[in-house]
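> Supplied in structure tokens, the structure appears directly below.
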Amino acid sequence: MTHPTPHSRKLLKLGRSEPSLMSGRRAFLRRFGTGWLLVLMGGCGKTSSAGFQNIGSLKLLEEEGKIFSEHFSSEPLLVIRGPKKKNSSEIGVLSAVSPTCSHQKCLVNWDNVQESFICPCHQSRFDITGKHLQGPATENLKTYPIEVRGDDIWVAGRFQ
Ligand code: FES
């Protein structure tokens, strides 16, 4: 049988008196631990109060040619950068759309040559704003609000 050390006796004493001495916040922290707090703080850096999420950087978009997320909101997300003038330091036009085609739900791709979103299934075509140009689709692509903050791209998980 082991005997309690002076330190463990102190902890036991504190444990007995905790319910009456701890405030609600302290009781919450004691019960759920600081891991819960770290999760909340980690999330703050990725999502703003207006529902914008950091989905990557301009550098990543430049390297990859697009940013795609299958489970961004209720629908997938495709971010592309439109053509920019040669030797221009401008960012150019960014477009954030749901790539789900309104015809039979295939996923469209951005075509740099035709400067359009093209559906691979039945060739519906949409401009950089998601506006339907031709093909059997009957609706425009849904678009998400998009912002550039520094080098980061932020997209809101709702449609415009
Ligand atoms: S699914 Fe896109 S054109 Fe048919």
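In the structure tokens, the first chain shown is A, the next is B, and so on; residue numbers restart at 1 for each chain, and ligands run from 1 in the order shown.
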Using only C-alpha atoms and all ligand atoms, what are the residues with an atom within 10 Å of ligand 1, set out as a tab-separated table (two decimals) with N, CA and C atoms, in the first residue's frame?

chain	number	residue	atom	x	y	z
A	99	PRO	N	-18.27	23.91	-59.68
A	99	PRO	CA	-18.07	23.35	-61.03
A	99	PRO	C	-19.14	22.35	-61.43
A	100	THR	N	-20.20	22.25	-60.66
A	100	THR	CA	-21.26	21.28	-60.96
A	100	THR	C	-22.15	21.82	-62.08
A	101	CYS	N	-22.14	21.14	-63.20
A	101	CYS	CA	-22.92	21.57	-64.37
A	101	CYS	C	-24.41	21.33	-64.10
A	102	SER	N	-25.23	22.30	-64.49
A	102	SER	CA	-26.67	22.22	-64.23
A	102	SER	C	-27.36	21.19	-65.12
A	103	HIS	N	-26.67	20.69	-66.15
A	103	HIS	CA	-27.32	19.74	-67.06
A	103	HIS	C	-27.46	18.37	-66.41
A	104	GLN	N	-26.35	17.68	-66.22
A	104	GLN	CA	-26.41	16.36	-65.58
A	104	GLN	C	-25.33	16.18	-64.51
A	105	LYS	N	-24.95	17.31	-63.92
A	105	LYS	CA	-24.08	17.31	-62.72
A	105	LYS	C	-22.63	16.86	-62.96
A	106	CYS	N	-22.14	16.86	-64.20
A	106	CYS	CA	-20.70	16.62	-64.40
A	106	CYS	C	-19.93	17.84	-63.88
A	107	LEU	N	-18.63	17.68	-63.64
A	107	LEU	CA	-17.81	18.78	-63.14
A	107	LEU	C	-17.09	19.45	-64.30
A	108	VAL	N	-17.29	20.75	-64.42
A	108	VAL	CA	-16.65	21.50	-65.50
A	108	VAL	C	-15.19	21.75	-65.17
A	118	ILE	N	-15.59	24.50	-69.41
A	118	ILE	CA	-16.15	23.55	-70.37
A	118	ILE	C	-16.59	22.30	-69.61
A	119	CYS	N	-17.79	21.84	-69.89
A	119	CYS	CA	-18.26	20.60	-69.30
A	119	CYS	C	-17.80	19.44	-70.19
A	120	PRO	N	-17.10	18.46	-69.62
A	120	PRO	CA	-16.58	17.36	-70.42
A	120	PRO	C	-17.66	16.40	-70.92
A	121	CYS	N	-18.85	16.43	-70.33
A	121	CYS	CA	-19.87	15.44	-70.68
A	121	CYS	C	-20.61	15.80	-71.97
A	122	HIS	N	-21.10	17.02	-72.08
A	122	HIS	CA	-21.88	17.39	-73.27
A	122	HIS	C	-21.49	18.77	-73.78
A	123	GLN	N	-20.31	19.24	-73.39
A	123	GLN	CA	-19.69	20.44	-73.93
A	123	GLN	C	-20.41	21.75	-73.65
A	124	SER	N	-21.17	21.82	-72.59
A	124	SER	CA	-21.69	23.15	-72.23
A	124	SER	C	-20.51	24.04	-71.89
A	125	ARG	N	-20.66	25.33	-72.18
A	125	ARG	CA	-19.56	26.28	-71.99
A	125	ARG	C	-20.06	27.48	-71.18
A	134	GLN	N	-23.14	28.33	-74.06
A	134	GLN	CA	-23.69	27.40	-75.05
A	134	GLN	C	-23.76	25.99	-74.47
A	135	GLY	N	-24.50	25.12	-75.15
A	135	GLY	CA	-24.62	23.72	-74.72
A	135	GLY	C	-25.92	23.47	-73.98
A	136	PRO	N	-26.16	22.20	-73.63
A	136	PRO	CA	-27.45	21.81	-73.07
A	136	PRO	C	-27.73	22.27	-71.64
A	137	ALA	N	-26.73	22.76	-70.91
A	137	ALA	CA	-27.01	23.29	-69.57
A	137	ALA	C	-27.97	24.47	-69.69
A	138	THR	N	-28.83	24.63	-68.71
A	138	THR	CA	-29.82	25.71	-68.80
A	138	THR	C	-29.57	26.82	-67.79
> At a cut-off of 10 Å, using only C-alpha atoms, what residues contact Val79 of chain A? Leave out same-chain residues fewer than 5 positions from it and give the result as a PDB file with C-alpha atoms, in the first residue's frame.

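The result, written out as result-v1.pdb:
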ATOM      1  CA  ILE A  55      -8.519  28.167 -49.371  1.00  0.00           C
ATOM      2  CA  GLY A  56      -4.896  28.716 -50.394  1.00  0.00           C
ATOM      3  CA  LEU A  61      -3.011  28.959 -57.603  1.00  0.00           C
ATOM      4  CA  GLY A  65      -3.428  26.416 -62.239  1.00  0.00           C
ATOM      5  CA  LYS A  66      -6.536  25.879 -60.098  1.00  0.00           C
ATOM      6  CA  ILE A  67      -7.670  25.177 -56.548  1.00  0.00           C
ATOM      7  CA  PHE A  68     -10.329  22.503 -56.182  1.00  0.00           C
ATOM      8  CA  SER A  69     -12.172  21.364 -53.078  1.00  0.00           C
ATOM      9  CA  LEU A  94     -10.126  35.294 -60.077  1.00  0.00           C
ATOM     10  CA  SER A  95     -13.239  33.170 -60.317  1.00  0.00           C
ATOM     11  CA  ALA A  96     -14.719  30.917 -57.625  1.00  0.00           C
ATOM     12  CA  VAL A  97     -17.518  28.680 -58.894  1.00  0.00           C
ATOM     13  CA  SER A  98     -19.290  25.489 -58.099  1.00  0.00           C
ATOM     14  CA  PRO A  99     -18.066  23.353 -61.025  1.00  0.00           C
ATOM     15  CA  TRP A 110     -11.398  25.739 -66.930  1.00  0.00           C
ATOM     16  CA  THR A 143     -20.470  31.514 -57.892  1.00  0.00           C
ATOM     17  CA  TYR A 144     -18.962  32.064 -54.456  1.00  0.00           C
ATOM     18  CA  ILE A 146     -13.993  35.612 -53.297  1.00  0.00           C
ATOM     19  CA  ILE A 153      -7.362  33.661 -51.227  1.00  0.00           C
ATOM     20  CA  VAL A 155     -13.871  32.238 -50.372  1.00  0.00           C
TER      21      VAL A 155
END
> How would you write, as a VMD selection string, the set of residues in segment 32-154 of chain A that DSSP gives as alpha helix (DSSP H)?
chain A and resid 32 to 44 58 to 64
> Interatomic distance between atom CA of Asp151 of chain A and atom CA of Lys84 of chain A?
17.0 Å
> Of the candidates A:Gly150, A:Gly92, A:Pro76, A:Gly51, which shows the shortest atom-to-atom distance to Ile128 of chain A, using only C-alpha atoms?
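That would be A:Gly92, the residue with the smallest distance to Ile128 of chain A.
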> Provide the atom CA of Asn87 of chain A to atom CA of Glu63 of chain A distance in Å, to one decimal place.
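These atoms are spaced 17.3 Å apart.
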> Quick one: of A:Leu60, A:Lys131, A:Pro145, A:Ser116, who's nearest to Gly157 of chain A, counting only C-alpha atoms?
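For Gly157 of chain A, the nearest of the given residues is A:Pro145.
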> Expressed in Å to a single decimal, how great is the separation between atom CA of Glu75 of chain A and atom CA of Ser48 of chain A?
19.7 Å
